[in-house]
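**Q** Below: one structure in C-alpha cells.
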Amino acid sequence: MKIRIGLVTRSNAWEQLCAQEGIPCVVVDLAGQSIADECSILVVTRTLSGEERIVVEHYLRNGGAAIGYTAHLRNVVGVDGTEQNLSYIVADHHEVFRSIHLLDVGVQGLIPRGANALRTDTGTFAVAAGPLGGGWAVVLPFDVEVLFQDARPANKSFYASPERLPSERVSLVGKGELRHLIHDAFLYLHQIRNLPYVHLWYFPNDLRNVFAFRIDSDGATREDVDRLYSIALESDTPMSWFLDVRRHEQWLEHFRYFVGQEIGLHCYDHQTYPTFDANLKNIAKGVQEMRRSGLQIAGFAAPYGIWNPELAKAIDEAGFEYSSEFSYAYDTFPLFAETDGTVFHTLQTPIHPICIGSMLKVGYTDAKMIEYFDRVIRLKISRHEPLFFYHHPTHRRWDVVRWIATFRQQGVENMTLGEYARWWKRRIGVKYSADFDGGEIRIQHDGSSMPDDVWIRIVNPKREEVVIPSKEVLNLASISNWTTPEQPAPSPEDIRRIREFDPRQMVGQLFNTLIRTIR
C-alpha cells in the first residue's frame, strides 16, 4: 500500500496542502488503473462522471478512504447535501477534528447529508466523517480549491481573555485552520484504515518548534531601533528587520553593522498600491537605497500586511527569497499564493498577525499582553504551528518585547524568517514515496537524497508517534521510542465571541483606515 494522496485531477490547492503536510500526492487515472493500492486516501477534486462514480464506489467497497466537497462526491453511495451560507465553521470537540478552533470561510456551501462533526455559524453540523459504502470518507461542505484561492481581506478579532479583543485586517479565509482540518482528516482516514500516517516533519531535524521575530521598522527613531537591537543581542535572538527605507534614509547604513540579524525590505514609501507599476517602483526604490547603503536584502513584508495580486506580481519581479503578508495568510506554514488560477512563485512565510500595537489599541497592560502571547505560544506549540511574531519599535513596551525574545522551551530553536524559508524550500523539494507492507515502511527518494535536517514523522494506528531520520526500511515493531503525541489545546468554549459584532472595533477600524489614507 502506497502511503500517499491520490487526486482525481491536478489541484494546486491540494498539492500545496500535501506539500505543507509533507505527504506525497499523485494524480490517479480513474479510468485506467486500479487505485486500491495506489493511494491511501483519494481526494475527489471535481464532479465525477457516471463511470468514475462506479470506480470510486468500488474503491470504497474494498475499504478505501475518500475526502472531498459534497458537490464533487454527490451520488457516490448516495452522498447529497443542502445549500447553506457559511460564515465560519467552529469546533465541537469532535474526536476526529481535535485541532480546529474556528475556520472562517465566507462562502455558499453544501452541507453533506448525515453531517456529524464541527458546527456552522448557525449551529448545524458541517462535516460528515465516518463509514461510506464499505470504506471511509470525510465529506466537506466547501470546495478546498475555492477557499485556498480566496484572497479577500477582512477585519478580524482574535481570541483573548479580556473583554476587548485585539483585531487586525487579515485574510478572510483562515488558511491555517483549513490546513488543520485537512491534517486531522488525513490522520483520521489513515488511522481508521489501520495504516500509519507518514509525512515529513514540519521543523528541522526533530525540533519541537522554531521561533522567529519579525520587525517592521515603520519610521522608528534610531534610539528605538538601537534599544530593540540591544534586546536582540542580550537574548541571542536573530530578528528579521524589514526597513521603512524613506524614513531611515539619512542613517540607513547604520543597519549594516547589525550582528546576527536579517535585513529585508518593508517599503520605500509606506504604502501598498493597487497597480503593478506603482508597487514595483516603490520596491525598486527601496532596494536601490538599501543596496547603496551596503545592505543585503533577504525578504519582503508589505506595509500593513496588505497583499493583492498586483503587489504579488511586483514581489515576483523583484526576485525576493520570500514574502510575508497576513492579509493573504497567517498562522500557517509557508505556501505559494494563488488567486484566480495564478500561482505566484515567491514563498509566503506567514506570521501571527497580532502584535503589541494591536493590543495597545484596546488598552492592554503589559501583563495582559504577556498573558496573550503566552497563551498563543502554548497553543501554537500544541498544534505544531511555527512561533512567528512581529513588532514595531515605535510601540516600545520593552518588557513585553524582552519576554517574547527570551521565551524558551526545550526543543524550540530561534531562526530568522529567511532561514526557515530556505529550509522549507529544501523540504518541499524532497520527492519520495512510502510503501507500507508487513509492518514495514519502505522509503524511496526520487533523484537527490533526503537532506540531513529533513526528518520523517510516523503516527501509527494507536496514535503513537515518532520523528526520525529517513532510511530505506523502517520496521515499526523495531522502533522503540514511540511517544504519545501532545494533544492540541482545545478550542475555548466561548470562541464564537471573536465573530460577534463589536461597535468599538468598527470605530477603531475606521480610524485605522483614515490614518493609513493620510500617511
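How things are named: the first chain in the C-alpha cells is A, the next is B, and so on; residues count from 1 in each chain; ligands count from 1 in the order shown.
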Quick one: everything within 9 Å of Val473 (chain A), counting only C-alpha atoms, minus sequence neighbours fewer than 4 positions away in the same chain. Send it as a short mmCIF file (atom, residue, chain, number, x, y, z; two decimals) with C-alpha atoms, in the first residue's frame.
**A**
```cif
data_model
loop_
_atom_site.label_atom_id
_atom_site.label_comp_id
_atom_site.auth_asym_id
_atom_site.auth_seq_id
_atom_site.Cartn_x
_atom_site.Cartn_y
_atom_site.Cartn_z
CA GLU A 440 7.49 -2.11 7.29
CA ILE A 441 7.63 1.27 5.59
CA ARG A 442 9.92 1.42 2.57
CA ILE A 443 11.11 4.91 1.67
#
```
**Q** Write out as a list in words all residues of region 300-370 of chain A that DSSP puts in strand (DSSP E or B) for this structure's backbone.
**A** Phe300, Tyr322, Ser323, Leu335, Phe336, Ala337, Glu338, Thr339, Thr342, Val343, Phe344, His345, Thr346, Leu347 and Gln348 of chain A
**Q** Take the residues just selected and output them with C-alpha atoms as a PDB file, in the first residue's frame.
**A**
```pdb
ATOM      1  CA  PHE A 300       9.889  41.470   1.802  1.00  0.00           C
ATOM      2  CA  TYR A 322      10.254  35.100   0.418  1.00  0.00           C
ATOM      3  CA  SER A 323       7.475  37.468   1.407  1.00  0.00           C
ATOM      4  CA  LEU A 335       2.882  28.403   0.846  1.00  0.00           C
ATOM      5  CA  PHE A 336       2.751  29.957  -2.610  1.00  0.00           C
ATOM      6  CA  ALA A 337      -0.041  32.488  -3.041  1.00  0.00           C
ATOM      7  CA  GLU A 338      -2.688  31.628  -5.600  1.00  0.00           C
ATOM      8  CA  THR A 339      -5.707  33.535  -6.839  1.00  0.00           C
ATOM      9  CA  THR A 342      -2.453  32.289 -10.999  1.00  0.00           C
ATOM     10  CA  VAL A 343       0.203  30.810  -8.707  1.00  0.00           C
ATOM     11  CA  PHE A 344       2.915  33.261  -7.627  1.00  0.00           C
ATOM     12  CA  HIS A 345       6.436  31.937  -7.179  1.00  0.00           C
ATOM     13  CA  THR A 346       7.659  33.903  -4.148  1.00  0.00           C
ATOM     14  CA  LEU A 347       7.226  31.846  -0.982  1.00  0.00           C
ATOM     15  CA  GLN A 348       4.776  33.327   1.520  1.00  0.00           C
TER      16      GLN A 348
END
```
**Q** So which residues touch Ile428 (chain A) within 9 Å, counting only C-alpha atoms, skipping near sequence neighbours fewer than 6 positions away, as a list in words?
**A**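 Returned residues: Ala19, Gln20 and Gly22 of chain A.
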**Q** List as number ranges by chain the protein and nucleic acid residues near Ser34 (chain A), meaning an atom at most 12 Å away when only C-alpha atoms are counted, but skip any in the same chain fewer than 6 places from it.
**A** A: 6, 28, 52, 55-56, 58-59, 62, 64
**Q** Which residue, A:Ala301, A:Ile306, A:Met450, A:Leu181, has the smallest gap to Thr349 (chain A) when you use only C-alpha atoms?
**A** A:Ala301
**Q** Taking 4 positions as the minimum chain separation for residues in the same chain, which residues sit within 8 Å of Pro112 (chain A) when counting only C-alpha atoms? Answer as a list in words.
**A** Thr70, Val79, Asp80, Gly81, Thr82, Ala126, Val127, Ala128, Val139, Leu140 and Pro141 of chain A
**Q** For CA of Leu86 (chain A) and CA of Gly133 (chain A), determine how far apart the two atoms are, in Å to one decimal place.
**A**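 The value is 27.5 Å.
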**Q** Out of A:Asp224, A:Asn475, A:Arg292, A:Phe213, which residue has the shortest atom-to-atom distance to Glu249 (chain A) when counting only C-alpha atoms?
**A**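 The shortest atom-to-atom distance to Glu249 (chain A) comes from A:Arg292.
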**Q** Set the distance at 8 Å and use only C-alpha atoms: which residues neighbour Ala220 (chain A) once local chain neighbours fewer than 3 positions away are removed? I'd like the list as a PyMOL selection string.
**A** chain A and resi 217+224-225+247+392-394
**Q** Produce a file of the selected residues containing N, CA and C atoms, as a short mmCIF file (atom, residue, chain, number, x, y, z; two decimals), in the first residue's frame.
**A**
```cif
data_model
loop_
_atom_site.label_atom_id
_atom_site.label_comp_id
_atom_site.auth_asym_id
_atom_site.auth_seq_id
_atom_site.Cartn_x
_atom_site.Cartn_y
_atom_site.Cartn_z
N SER A 217 10.06 48.25 10.73
CA SER A 217 10.67 49.43 11.38
C SER A 217 9.77 50.66 11.40
N ASP A 224 15.06 54.09 19.26
CA ASP A 224 14.19 52.93 19.47
C ASP A 224 14.74 51.70 18.74
N VAL A 225 15.29 51.89 17.57
CA VAL A 225 15.89 50.78 16.83
C VAL A 225 17.04 50.18 17.64
N ARG A 247 12.10 56.63 5.63
CA ARG A 247 12.18 57.30 6.93
C ARG A 247 13.45 56.95 7.71
N HIS A 392 6.73 46.46 16.14
CA HIS A 392 7.19 47.75 15.62
C HIS A 392 7.98 48.45 16.73
N PRO A 393 9.20 48.89 16.47
CA PRO A 393 9.98 49.57 17.52
C PRO A 393 9.27 50.79 18.10
N THR A 394 8.42 51.44 17.30
CA THR A 394 7.71 52.63 17.77
C THR A 394 6.73 52.30 18.90
#
```
**Q** Give me the residues near Asp236 (chain A) as a short mmCIF file (atom, residue, chain, number, x, y, z; two decimals) with C-alpha atoms, in the first residue's frame, where near means some atom within 9 Å (using only C-alpha atoms) and where sequence neighbours in that chain fewer than 4 positions away do not count.
**A**
```
data_model
loop_
_atom_site.label_atom_id
_atom_site.label_comp_id
_atom_site.auth_asym_id
_atom_site.auth_seq_id
_atom_site.Cartn_x
_atom_site.Cartn_y
_atom_site.Cartn_z
CA ILE A 231 17.41 43.24 23.33
CA ALA A 232 18.17 41.05 20.30
CA GLY A 260 23.38 38.13 13.63
CA ALA A 405 12.51 37.35 22.87
CA THR A 406 13.62 35.35 25.92
CA ASN A 414 15.50 30.57 17.18
#
```
**Q** Which residue, A:Val77, A:Ala329, A:Ile67, A:Val454, has the smallest gap to Ile182 (chain A) when you use only C-alpha atoms?
**A**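 Nearest candidate to Ile182 (chain A) out of A:Val77, A:Ala329, A:Ile67, A:Val454: A:Ile67.
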**Q** Of the candidates A:Arg246, A:His94, A:His270, A:Lys175, which shows the shortest atom-to-atom distance to Thr332 (chain A), using only C-alpha atoms?
**A**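 Closest to Thr332 (chain A), using only C-alpha atoms: A:Lys175.
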**Q** Taking only C-alpha atoms into account, name the residue in A:Val170, A:Ala318, A:Ile377, A:Ile479 that is nearest to Val467 (chain A).
**A**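 Checking each of A:Val170, A:Ala318, A:Ile377, A:Ile479 against Val467 (chain A), counting only C-alpha atoms, the winner is A:Ile479.
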**Q** Let me make sure I understand: among A:Thr272, A:Gln444, A:Ser235, A:Asn209, which one has the smallest atom-to-atom distance to Gln410 (chain A) if we use only C-alpha atoms?
**A**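 Of A:Thr272, A:Gln444, A:Ser235, A:Asn209, the one nearest Gln410 (chain A) is A:Asn209, counting only C-alpha atoms.
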**Q** Between CA of Gly264 (chain A) and CA of Arg396 (chain A), what is the distance in Å, rounded to a tenth?
**A**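 Atom-to-atom, CA of Gly264 (chain A) to CA of Arg396 (chain A), that is 20.5 Å.
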**Q** Among region 162-205 of chain A, which ones does DSSP assign to helix (DSSP H, G or I) (computed from the backbone)? Answer as a list of chain:residue names.
**A**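 Filtering region 162-205 of chain A to helix (DSSP H, G or I) leaves A:Lys175, A:Gly176, A:Glu177, A:Leu178, A:Arg179, A:His180, A:Leu181, A:Ile182, A:His183, A:Asp184, A:Ala185, A:Phe186, A:Leu187, A:Tyr188, A:Leu189, A:His190, A:Gln191, A:Ile192.
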**Q** May I have the selected residues written with N, CA and C atoms, as a compact mmCIF listing (two decimals), in the first residue's frame?
**A**
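For reference, again.txt as written:
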```
# COMPACT_ATOMS: atom_id res chain seq x y z
N LYS A 175 -6.66 30.19 6.26
CA LYS A 175 -5.92 29.13 5.57
C LYS A 175 -5.17 28.23 6.56
N GLY A 176 -4.80 28.76 7.71
CA GLY A 176 -4.16 27.94 8.73
C GLY A 176 -5.13 26.94 9.32
N GLU A 177 -6.34 27.38 9.63
CA GLU A 177 -7.35 26.46 10.17
C GLU A 177 -7.77 25.44 9.12
N LEU A 178 -7.79 25.86 7.85
CA LEU A 178 -8.09 24.91 6.77
C LEU A 178 -7.05 23.80 6.75
N ARG A 179 -5.79 24.15 6.90
CA ARG A 179 -4.73 23.13 6.93
C ARG A 179 -4.93 22.19 8.11
N HIS A 180 -5.29 22.72 9.27
CA HIS A 180 -5.54 21.87 10.44
C HIS A 180 -6.67 20.87 10.15
N LEU A 181 -7.73 21.34 9.49
CA LEU A 181 -8.84 20.45 9.19
C LEU A 181 -8.38 19.32 8.28
N ILE A 182 -7.60 19.66 7.24
CA ILE A 182 -7.13 18.64 6.31
C ILE A 182 -6.16 17.69 7.00
N HIS A 183 -5.28 18.22 7.85
CA HIS A 183 -4.37 17.36 8.62
C HIS A 183 -5.16 16.36 9.45
N ASP A 184 -6.15 16.84 10.18
CA ASP A 184 -6.94 15.95 11.02
C ASP A 184 -7.65 14.88 10.19
N ALA A 185 -8.16 15.29 9.01
CA ALA A 185 -8.84 14.33 8.14
C ALA A 185 -7.87 13.27 7.62
N PHE A 186 -6.68 13.69 7.19
CA PHE A 186 -5.68 12.73 6.72
C PHE A 186 -5.31 11.74 7.82
N LEU A 187 -5.07 12.27 9.01
CA LEU A 187 -4.68 11.43 10.14
C LEU A 187 -5.78 10.42 10.47
N TYR A 188 -7.01 10.89 10.52
CA TYR A 188 -8.16 10.03 10.84
C TYR A 188 -8.33 8.92 9.81
N LEU A 189 -8.28 9.27 8.52
CA LEU A 189 -8.54 8.28 7.48
C LEU A 189 -7.44 7.22 7.41
N HIS A 190 -6.20 7.58 7.73
CA HIS A 190 -5.15 6.57 7.80
C HIS A 190 -5.36 5.67 9.03
N GLN A 191 -5.67 6.31 10.15
CA GLN A 191 -5.84 5.55 11.38
C GLN A 191 -7.01 4.56 11.26
N ILE A 192 -8.12 5.01 10.70
CA ILE A 192 -9.31 4.15 10.62
C ILE A 192 -9.08 2.99 9.66
```
**Q** Could you state the separation of CA of Ser230 (chain A) and CA of Phe258 (chain A) in Å, given to one decimal place?
**A**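 For CA of Ser230 (chain A) relative to CA of Phe258 (chain A), the distance reads 9.9 Å.
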**Q** Considering only C-alpha atoms, give me a table of residues in region 101-215 of chain A that are at most 9 Å from region 354-375 of chain A, with the closest atom pair and distance in Å for each, as a Markdown table.
**A**
```
| residue | atom | partner | partner_atom | distance |
| --- | --- | --- | --- | --- |
| A:Phe158 | CA | A:Ile354 | CA | 7.8 |
| A:Tyr159 | CA | A:Tyr372 | CA | 8.7 |
| A:Ala160 | CA | A:Tyr372 | CA | 6.3 |
| A:Ser161 | CA | A:Tyr372 | CA | 7.8 |
| A:Pro162 | CA | A:Lys368 | CA | 8.1 |
| A:Arg164 | CA | A:Val362 | CA | 6.2 |
| A:Leu165 | CA | A:Val362 | CA | 7.1 |
| A:Pro166 | CA | A:Met359 | CA | 5.5 |
| A:Ser167 | CA | A:Ser358 | CA | 6.4 |
| A:Glu168 | CA | A:Ile354 | CA | 6.7 |
```
**Q** Restricted to C-alpha atoms, what would the selected residues look like written as a PDB file, in the first residue's frame?
**A**
```
ATOM      1  CA  PHE A 158      -8.514  37.288  17.805  1.00  0.00           C
ATOM      2  CA  TYR A 159      -9.268  35.338  20.943  1.00  0.00           C
ATOM      3  CA  ALA A 160      -8.104  36.706  24.301  1.00  0.00           C
ATOM      4  CA  SER A 161      -9.350  36.542  27.874  1.00  0.00           C
ATOM      5  CA  PRO A 162     -10.156  40.256  28.327  1.00  0.00           C
ATOM      6  CA  ARG A 164     -11.806  43.823  24.476  1.00  0.00           C
ATOM      7  CA  LEU A 165     -10.297  41.709  21.710  1.00  0.00           C
ATOM      8  CA  PRO A 166      -7.304  42.680  19.571  1.00  0.00           C
ATOM      9  CA  SER A 167      -8.003  42.795  15.854  1.00  0.00           C
ATOM     10  CA  GLU A 168      -6.248  43.098  12.507  1.00  0.00           C
TER      11      GLU A 168
END
```
